[in-house]
Amino acid sequence: MTAVAPPLDQPFYGAPLGAAIRRVFAKYATFHGRASRSEYWWWVLFAAVVGTALNALPTLTDGIRIEADGSMTVTGPLGVILGGIWLVWAIGTIIPTLAVLVRRLHDTDRSGLWILIGLIPLIGPIVLIVLTVQESRPGGTRFDRVHSRR
């Protein structure tokens, strides 16, 4: 049984992996509205797995060598190409990652400015994790964009 996806301006509670990823890319730089726990955490998992794989590829394919002294050496065009692909991924996912985090905070009835607490070393990221695992709150609807503006 598949769940019917709600409109993009509404959170998709119980979103499957594919739908969550599509929704994050469809709302690439949308900082208004809300995101369900499943939308947010599927995106975090997907972005972490892809980012880690792309980051490891240059080393695994010998495109980058790590010397005994800990220094890294790019060993040809493969290292440059794979490193470049990782860099494009990393830069290209900064905005959607921040956007889905802000929308997740909205769903817990918090301002998107709570994202700034992540700048506090050690404690900030822990607080953000706690806030993003919390249940949705009805008051979060205040962050939904009203369609009939005049």
# chains A, B, ... in the order shown; residues from 1 in each chain; ligands from 1
call {"tool": "residues_around", "arguments": {"residues": "stretch 13-20 of chain A", "least_positions_apart": "6", "cutoff": "7 Å", "atoms": "only C-alpha atoms", "output": "number ranges by chain"}}
result
A: 36, 38-39, 42-43
call {"tool": "select_by_dssp", "arguments": {"residues": "chain A", "states": "strand (DSSP E)", "output": "MDAnalysis selection string"}}
result
chainID A and resid 64:66 72:74
call {"tool": "residues_around", "arguments": {"residues": "stretch 53-60 of chain A", "least_positions_apart": "4", "cutoff": "12 Å", "atoms": "only C-alpha atoms", "output": "list of chain:residue names"}}
result
A:Phe46, A:Ala47, A:Ala48, A:Val49, A:Ile64, A:Arg65, A:Ile66, A:Glu67, A:Met72, A:Thr73, A:Val74, A:Thr75, A:Gly76, A:Pro77, A:Leu78, A:Gly79, A:Val80, A:Ile81, A:Leu82, A:Gly83, A:Gly84, A:Ile85, A:Trp86, A:Leu87, A:Val88, A:Trp89, A:Ala90
call {"tool": "write_last_selection", "arguments": {"atoms": "N, CA and C atoms", "output": "PDB file, in the first residue's frame"}}
result
ATOM      1  N   PHE A  46      20.101  10.004   3.178  1.00  0.00           N
ATOM      2  CA  PHE A  46      20.493   9.991   1.774  1.00  0.00           C
ATOM      3  C   PHE A  46      21.702  10.892   1.530  1.00  0.00           C
ATOM      4  N   ALA A  47      21.662  12.114   2.032  1.00  0.00           N
ATOM      5  CA  ALA A  47      22.761  13.060   1.817  1.00  0.00           C
ATOM      6  C   ALA A  47      24.050  12.567   2.466  1.00  0.00           C
ATOM      7  N   ALA A  48      23.949  11.960   3.647  1.00  0.00           N
ATOM      8  CA  ALA A  48      25.141  11.449   4.325  1.00  0.00           C
ATOM      9  C   ALA A  48      25.750  10.270   3.568  1.00  0.00           C
ATOM     10  N   VAL A  49      24.913   9.353   3.104  1.00  0.00           N
ATOM     11  CA  VAL A  49      25.424   8.184   2.377  1.00  0.00           C
ATOM     12  C   VAL A  49      26.068   8.605   1.060  1.00  0.00           C
ATOM     13  N   ILE A  64      43.478   9.642  -4.966  1.00  0.00           N
ATOM     14  CA  ILE A  64      44.132  10.436  -3.930  1.00  0.00           C
ATOM     15  C   ILE A  64      44.856   9.446  -3.024  1.00  0.00           C
ATOM     16  N   ARG A  65      46.096   9.711  -2.776  1.00  0.00           N
ATOM     17  CA  ARG A  65      46.883   8.849  -1.883  1.00  0.00           C
ATOM     18  C   ARG A  65      47.145   9.590  -0.588  1.00  0.00           C
ATOM     19  N   ILE A  66      46.987   8.858   0.494  1.00  0.00           N
ATOM     20  CA  ILE A  66      47.314   9.414   1.806  1.00  0.00           C
ATOM     21  C   ILE A  66      48.677   8.855   2.189  1.00  0.00           C
ATOM     22  N   GLU A  67      49.645   9.734   2.341  1.00  0.00           N
ATOM     23  CA  GLU A  67      51.025   9.338   2.633  1.00  0.00           C
ATOM     24  C   GLU A  67      51.154   8.975   4.105  1.00  0.00           C
ATOM     25  N   MET A  72      48.035  14.367   1.812  1.00  0.00           N
ATOM     26  CA  MET A  72      47.296  13.781   0.697  1.00  0.00           C
ATOM     27  C   MET A  72      47.888  14.276  -0.614  1.00  0.00           C
ATOM     28  N   THR A  73      47.931  13.378  -1.581  1.00  0.00           N
ATOM     29  CA  THR A  73      48.446  13.708  -2.898  1.00  0.00           C
ATOM     30  C   THR A  73      47.430  13.290  -3.947  1.00  0.00           C
ATOM     31  N   VAL A  74      47.058  14.213  -4.833  1.00  0.00           N
ATOM     32  CA  VAL A  74      46.178  13.880  -5.950  1.00  0.00           C
ATOM     33  C   VAL A  74      47.041  13.204  -7.004  1.00  0.00           C
ATOM     34  N   THR A  75      46.619  12.003  -7.442  1.00  0.00           N
ATOM     35  CA  THR A  75      47.449  11.221  -8.365  1.00  0.00           C
ATOM     36  C   THR A  75      46.816  11.123  -9.737  1.00  0.00           C
ATOM     37  N   GLY A  76      46.640  12.226 -10.362  1.00  0.00           N
ATOM     38  CA  GLY A  76      46.149  12.200 -11.727  1.00  0.00           C
ATOM     39  C   GLY A  76      44.752  12.747 -11.879  1.00  0.00           C
ATOM     40  N   PRO A  77      44.254  12.668 -13.113  1.00  0.00           N
ATOM     41  CA  PRO A  77      42.958  13.271 -13.415  1.00  0.00           C
ATOM     42  C   PRO A  77      41.788  12.602 -12.700  1.00  0.00           C
ATOM     43  N   LEU A  78      41.891  11.309 -12.389  1.00  0.00           N
ATOM     44  CA  LEU A  78      40.796  10.635 -11.708  1.00  0.00           C
ATOM     45  C   LEU A  78      40.526  11.258 -10.339  1.00  0.00           C
ATOM     46  N   GLY A  79      41.591  11.562  -9.616  1.00  0.00           N
ATOM     47  CA  GLY A  79      41.432  12.201  -8.311  1.00  0.00           C
ATOM     48  C   GLY A  79      40.794  13.566  -8.416  1.00  0.00           C
ATOM     49  N   VAL A  80      41.185  14.325  -9.426  1.00  0.00           N
ATOM     50  CA  VAL A  80      40.631  15.660  -9.630  1.00  0.00           C
ATOM     51  C   VAL A  80      39.151  15.570 -10.004  1.00  0.00           C
ATOM     52  N   ILE A  81      38.823  14.645 -10.912  1.00  0.00           N
ATOM     53  CA  ILE A  81      37.434  14.498 -11.365  1.00  0.00           C
ATOM     54  C   ILE A  81      36.539  14.043 -10.219  1.00  0.00           C
ATOM     55  N   LEU A  82      36.958  12.997  -9.513  1.00  0.00           N
ATOM     56  CA  LEU A  82      36.128  12.487  -8.409  1.00  0.00           C
ATOM     57  C   LEU A  82      36.041  13.486  -7.261  1.00  0.00           C
ATOM     58  N   GLY A  83      37.123  14.166  -6.980  1.00  0.00           N
ATOM     59  CA  GLY A  83      37.089  15.209  -5.954  1.00  0.00           C
ATOM     60  C   GLY A  83      36.171  16.346  -6.367  1.00  0.00           C
ATOM     61  N   GLY A  84      36.182  16.676  -7.658  1.00  0.00           N
ATOM     62  CA  GLY A  84      35.299  17.720  -8.176  1.00  0.00           C
ATOM     63  C   GLY A  84      33.834  17.332  -8.082  1.00  0.00           C
ATOM     64  N   ILE A  85      33.539  16.057  -8.372  1.00  0.00           N
ATOM     65  CA  ILE A  85      32.153  15.579  -8.255  1.00  0.00           C
ATOM     66  C   ILE A  85      31.677  15.694  -6.815  1.00  0.00           C
ATOM     67  N   TRP A  86      32.541  15.302  -5.863  1.00  0.00           N
ATOM     68  CA  TRP A  86      32.174  15.426  -4.455  1.00  0.00           C
ATOM     69  C   TRP A  86      31.936  16.891  -4.100  1.00  0.00           C
ATOM     70  N   LEU A  87      32.803  17.783  -4.574  1.00  0.00           N
ATOM     71  CA  LEU A  87      32.668  19.206  -4.263  1.00  0.00           C
ATOM     72  C   LEU A  87      31.356  19.771  -4.806  1.00  0.00           C
ATOM     73  N   VAL A  88      30.996  19.391  -6.022  1.00  0.00           N
ATOM     74  CA  VAL A  88      29.721  19.837  -6.603  1.00  0.00           C
ATOM     75  C   VAL A  88      28.554  19.337  -5.747  1.00  0.00           C
ATOM     76  N   TRP A  89      28.595  18.073  -5.324  1.00  0.00           N
ATOM     77  CA  TRP A  89      27.549  17.519  -4.465  1.00  0.00           C
ATOM     78  C   TRP A  89      27.471  18.302  -3.150  1.00  0.00           C
ATOM     79  N   ALA A  90      28.620  18.524  -2.521  1.00  0.00           N
ATOM     80  CA  ALA A  90      28.648  19.197  -1.221  1.00  0.00           C
ATOM     81  C   ALA A  90      28.076  20.611  -1.317  1.00  0.00           C
TER      82      ALA A  90
END
call {"tool": "select_by_dssp", "arguments": {"residues": "stretch 18-106 of chain A", "states": "alpha helix (DSSP H)", "output": "PyMOL selection string"}}
result
chain A and resi 18-26+37-60+77-92+94-106
call {"tool": "write_last_selection", "arguments": {"atoms": "C-alpha atoms", "output": "short mmCIF file (atom, residue, chain, number, x, y, z; two decimals), in the first residue's frame"}}
result
data_model
loop_
_atom_site.label_atom_id
_atom_site.label_comp_id
_atom_site.auth_asym_id
_atom_site.auth_seq_id
_atom_site.Cartn_x
_atom_site.Cartn_y
_atom_site.Cartn_z
CA GLY A 18 12.13 8.22 -2.70
CA ALA A 19 9.28 10.62 -2.11
CA ALA A 20 11.19 12.42 0.64
CA ILE A 21 14.23 12.95 -1.61
CA ARG A 22 12.08 14.15 -4.52
CA ARG A 23 10.27 16.61 -2.22
CA VAL A 24 13.53 18.05 -0.88
CA PHE A 25 14.82 18.64 -4.41
CA ALA A 26 11.43 19.98 -5.55
CA ARG A 37 10.19 13.84 10.48
CA SER A 38 10.36 11.23 7.73
CA GLU A 39 11.04 13.84 5.03
CA TYR A 40 13.86 15.33 7.07
CA TRP A 41 15.52 12.14 8.31
CA TRP A 42 15.32 10.33 4.94
CA TRP A 43 17.06 13.35 3.41
CA VAL A 44 19.75 13.34 6.14
CA LEU A 45 20.41 9.63 5.57
CA PHE A 46 20.49 9.99 1.77
CA ALA A 47 22.76 13.06 1.82
CA ALA A 48 25.14 11.45 4.33
CA VAL A 49 25.42 8.18 2.38
CA VAL A 50 25.93 9.88 -1.00
CA GLY A 51 28.34 12.45 0.45
CA THR A 52 30.39 9.79 2.23
CA ALA A 53 30.54 7.59 -0.86
CA LEU A 54 31.58 10.49 -3.10
CA ASN A 55 34.16 11.58 -0.54
CA ALA A 56 35.64 8.07 -0.30
CA LEU A 57 35.77 7.36 -4.05
CA PRO A 58 38.96 9.30 -4.81
CA THR A 59 40.84 7.47 -2.07
CA LEU A 60 39.38 4.03 -2.88
CA PRO A 77 42.96 13.27 -13.41
CA LEU A 78 40.80 10.63 -11.71
CA GLY A 79 41.43 12.20 -8.31
CA VAL A 80 40.63 15.66 -9.63
CA ILE A 81 37.43 14.50 -11.37
CA LEU A 82 36.13 12.49 -8.41
CA GLY A 83 37.09 15.21 -5.95
CA GLY A 84 35.30 17.72 -8.18
CA ILE A 85 32.15 15.58 -8.26
CA TRP A 86 32.17 15.43 -4.46
CA LEU A 87 32.67 19.21 -4.26
CA VAL A 88 29.72 19.84 -6.60
CA TRP A 89 27.55 17.52 -4.46
CA ALA A 90 28.65 19.20 -1.22
CA ILE A 91 28.00 22.72 -2.48
CA GLY A 92 24.80 21.72 -4.28
CA ILE A 94 23.95 23.00 1.32
CA ILE A 95 20.82 25.03 0.48
CA PRO A 96 18.31 22.12 0.40
CA THR A 97 19.76 20.73 3.63
CA LEU A 98 19.34 24.06 5.41
CA ALA A 99 15.87 24.52 3.87
CA VAL A 100 14.56 21.13 4.98
CA LEU A 101 16.02 21.71 8.46
CA VAL A 102 14.19 25.04 8.74
CA ARG A 103 10.96 23.42 7.52
CA ARG A 104 11.42 20.62 10.07
CA LEU A 105 11.84 23.19 12.85
CA HIS A 106 8.65 24.89 11.61
#
call {"tool": "closest_atom_pairs", "arguments": {"of": "stretch 5-66 of chain A", "to": "stretch 127-148 of chain A", "cutoff": "8 Å", "atoms": "only C-alpha atoms", "output": "Markdown table"}}
result
| residue | atom | partner | partner_atom | distance |
| --- | --- | --- | --- | --- |
| A:Asp9 | CA | A:Asp144 | CA | 7.3 |
| A:Gln10 | CA | A:Asp144 | CA | 7.7 |
| A:His32 | CA | A:Phe143 | CA | 6.2 |
| A:Gly33 | CA | A:Asp144 | CA | 4.4 |
| A:Arg34 | CA | A:Asp144 | CA | 6.9 |
| A:Ser36 | CA | A:Ser136 | CA | 7.3 |
| A:Arg37 | CA | A:Val133 | CA | 6.6 |
call {"tool": "write_last_selection", "arguments": {"atoms": "C-alpha atoms", "output": "PDB file, in the first residue's frame"}}
result
ATOM      1  CA  ASP A   9       3.103  23.000   0.465  1.00  0.00           C
ATOM      2  CA  GLN A  10       2.100  20.436   3.121  1.00  0.00           C
ATOM      3  CA  HIS A  32       8.665  28.435   4.385  1.00  0.00           C
ATOM      4  CA  GLY A  33       6.252  25.656   5.195  1.00  0.00           C
ATOM      5  CA  ARG A  34       6.889  22.449   7.095  1.00  0.00           C
ATOM      6  CA  SER A  36       7.733  15.902   8.468  1.00  0.00           C
ATOM      7  CA  ARG A  37      10.194  13.835  10.479  1.00  0.00           C
TER       8      ARG A  37
END
call {"tool": "atom_distance", "arguments": {"atom1": "atom CA of A:Ile117", "atom2": "atom CA of A:Tyr28"}}
result
22.2 Å
call {"tool": "decode", "arguments": {"residues": "stretch 92-115 of chain A", "atoms": "N, CA and C atoms", "output": "JSON list (two decimals), in the first residue's frame"}}
result
[["chain", "number", "residue", "atom", "x", "y", "z"],
["A", 92, "GLY", "N", 26.17, 21.78, -3.77],
["A", 92, "GLY", "CA", 24.80, 21.72, -4.28],
["A", 92, "GLY", "C", 23.76, 21.29, -3.26],
["A", 93, "THR", "N", 24.17, 20.67, -2.18],
["A", 93, "THR", "CA", 23.21, 20.21, -1.17],
["A", 93, "THR", "C", 23.18, 21.07, 0.09],
["A", 94, "ILE", "N", 23.97, 22.12, 0.13],
["A", 94, "ILE", "CA", 23.95, 23.00, 1.32],
["A", 94, "ILE", "C", 22.58, 23.66, 1.47],
["A", 95, "ILE", "N", 22.09, 24.29, 0.41],
["A", 95, "ILE", "CA", 20.82, 25.03, 0.48],
["A", 95, "ILE", "C", 19.64, 24.09, 0.79],
["A", 96, "PRO", "N", 19.46, 22.97, 0.06],
["A", 96, "PRO", "CA", 18.31, 22.12, 0.40],
["A", 96, "PRO", "C", 18.41, 21.52, 1.80],
["A", 97, "THR", "N", 19.61, 21.27, 2.28],
["A", 97, "THR", "CA", 19.76, 20.73, 3.63],
["A", 97, "THR", "C", 19.33, 21.76, 4.66],
["A", 98, "LEU", "N", 19.76, 23.00, 4.49],
["A", 98, "LEU", "CA", 19.34, 24.06, 5.41],
["A", 98, "LEU", "C", 17.83, 24.30, 5.30],
["A", 99, "ALA", "N", 17.30, 24.27, 4.08],
["A", 99, "ALA", "CA", 15.87, 24.52, 3.87],
["A", 99, "ALA", "C", 15.01, 23.46, 4.54],
["A", 100, "VAL", "N", 15.37, 22.18, 4.37],
["A", 100, "VAL", "CA", 14.56, 21.13, 4.98],
["A", 100, "VAL", "C", 14.70, 21.15, 6.50],
["A", 101, "LEU", "N", 15.86, 21.57, 7.02],
["A", 101, "LEU", "CA", 16.02, 21.71, 8.46],
["A", 101, "LEU", "C", 15.11, 22.82, 8.99],
["A", 102, "VAL", "N", 15.07, 23.94, 8.32],
["A", 102, "VAL", "CA", 14.19, 25.04, 8.74],
["A", 102, "VAL", "C", 12.73, 24.59, 8.69],
["A", 103, "ARG", "N", 12.35, 23.90, 7.61],
["A", 103, "ARG", "CA", 10.96, 23.42, 7.52],
["A", 103, "ARG", "C", 10.65, 22.41, 8.61],
["A", 104, "ARG", "N", 11.64, 21.58, 8.99],
["A", 104, "ARG", "CA", 11.42, 20.62, 10.07],
["A", 104, "ARG", "C", 11.22, 21.35, 11.40],
["A", 105, "LEU", "N", 12.01, 22.39, 11.63],
["A", 105, "LEU", "CA", 11.84, 23.19, 12.85],
["A", 105, "LEU", "C", 10.46, 23.84, 12.86],
["A", 106, "HIS", "N", 10.00, 24.31, 11.70],
["A", 106, "HIS", "CA", 8.65, 24.89, 11.61],
["A", 106, "HIS", "C", 7.60, 23.86, 12.00],
["A", 107, "ASP", "N", 7.78, 22.61, 11.59],
["A", 107, "ASP", "CA", 6.80, 21.57, 11.90],
["A", 107, "ASP", "C", 6.72, 21.29, 13.39],
["A", 108, "THR", "N", 7.80, 21.60, 14.11],
["A", 108, "THR", "CA", 7.78, 21.45, 15.57],
["A", 108, "THR", "C", 7.40, 22.76, 16.25],
["A", 109, "ASP", "N", 6.85, 23.71, 15.45],
["A", 109, "ASP", "CA", 6.38, 25.01, 15.93],
["A", 109, "ASP", "C", 7.51, 25.87, 16.50],
["A", 110, "ARG", "N", 8.65, 25.85, 15.80],
["A", 110, "ARG", "CA", 9.78, 26.69, 16.18],
["A", 110, "ARG", "C", 10.21, 27.53, 14.99],
["A", 111, "SER", "N", 10.75, 28.68, 15.29],
["A", 111, "SER", "CA", 11.26, 29.56, 14.25],
["A", 111, "SER", "C", 12.46, 28.90, 13.57],
["A", 112, "GLY", "N", 12.64, 29.21, 12.30],
["A", 112, "GLY", "CA", 13.81, 28.72, 11.58],
["A", 112, "GLY", "C", 15.11, 29.28, 12.12],
["A", 113, "LEU", "N", 15.05, 30.34, 12.90],
["A", 113, "LEU", "CA", 16.25, 30.92, 13.48],
["A", 113, "LEU", "C", 16.92, 29.97, 14.49],
["A", 114, "TRP", "N", 16.18, 28.96, 14.94],
["A", 114, "TRP", "CA", 16.77, 27.95, 15.82],
["A", 114, "TRP", "C", 17.92, 27.24, 15.13],
["A", 115, "ILE", "N", 18.01, 27.33, 13.82],
["A", 115, "ILE", "CA", 19.11, 26.72, 13.08],
["A", 115, "ILE", "C", 20.46, 27.28, 13.55]]
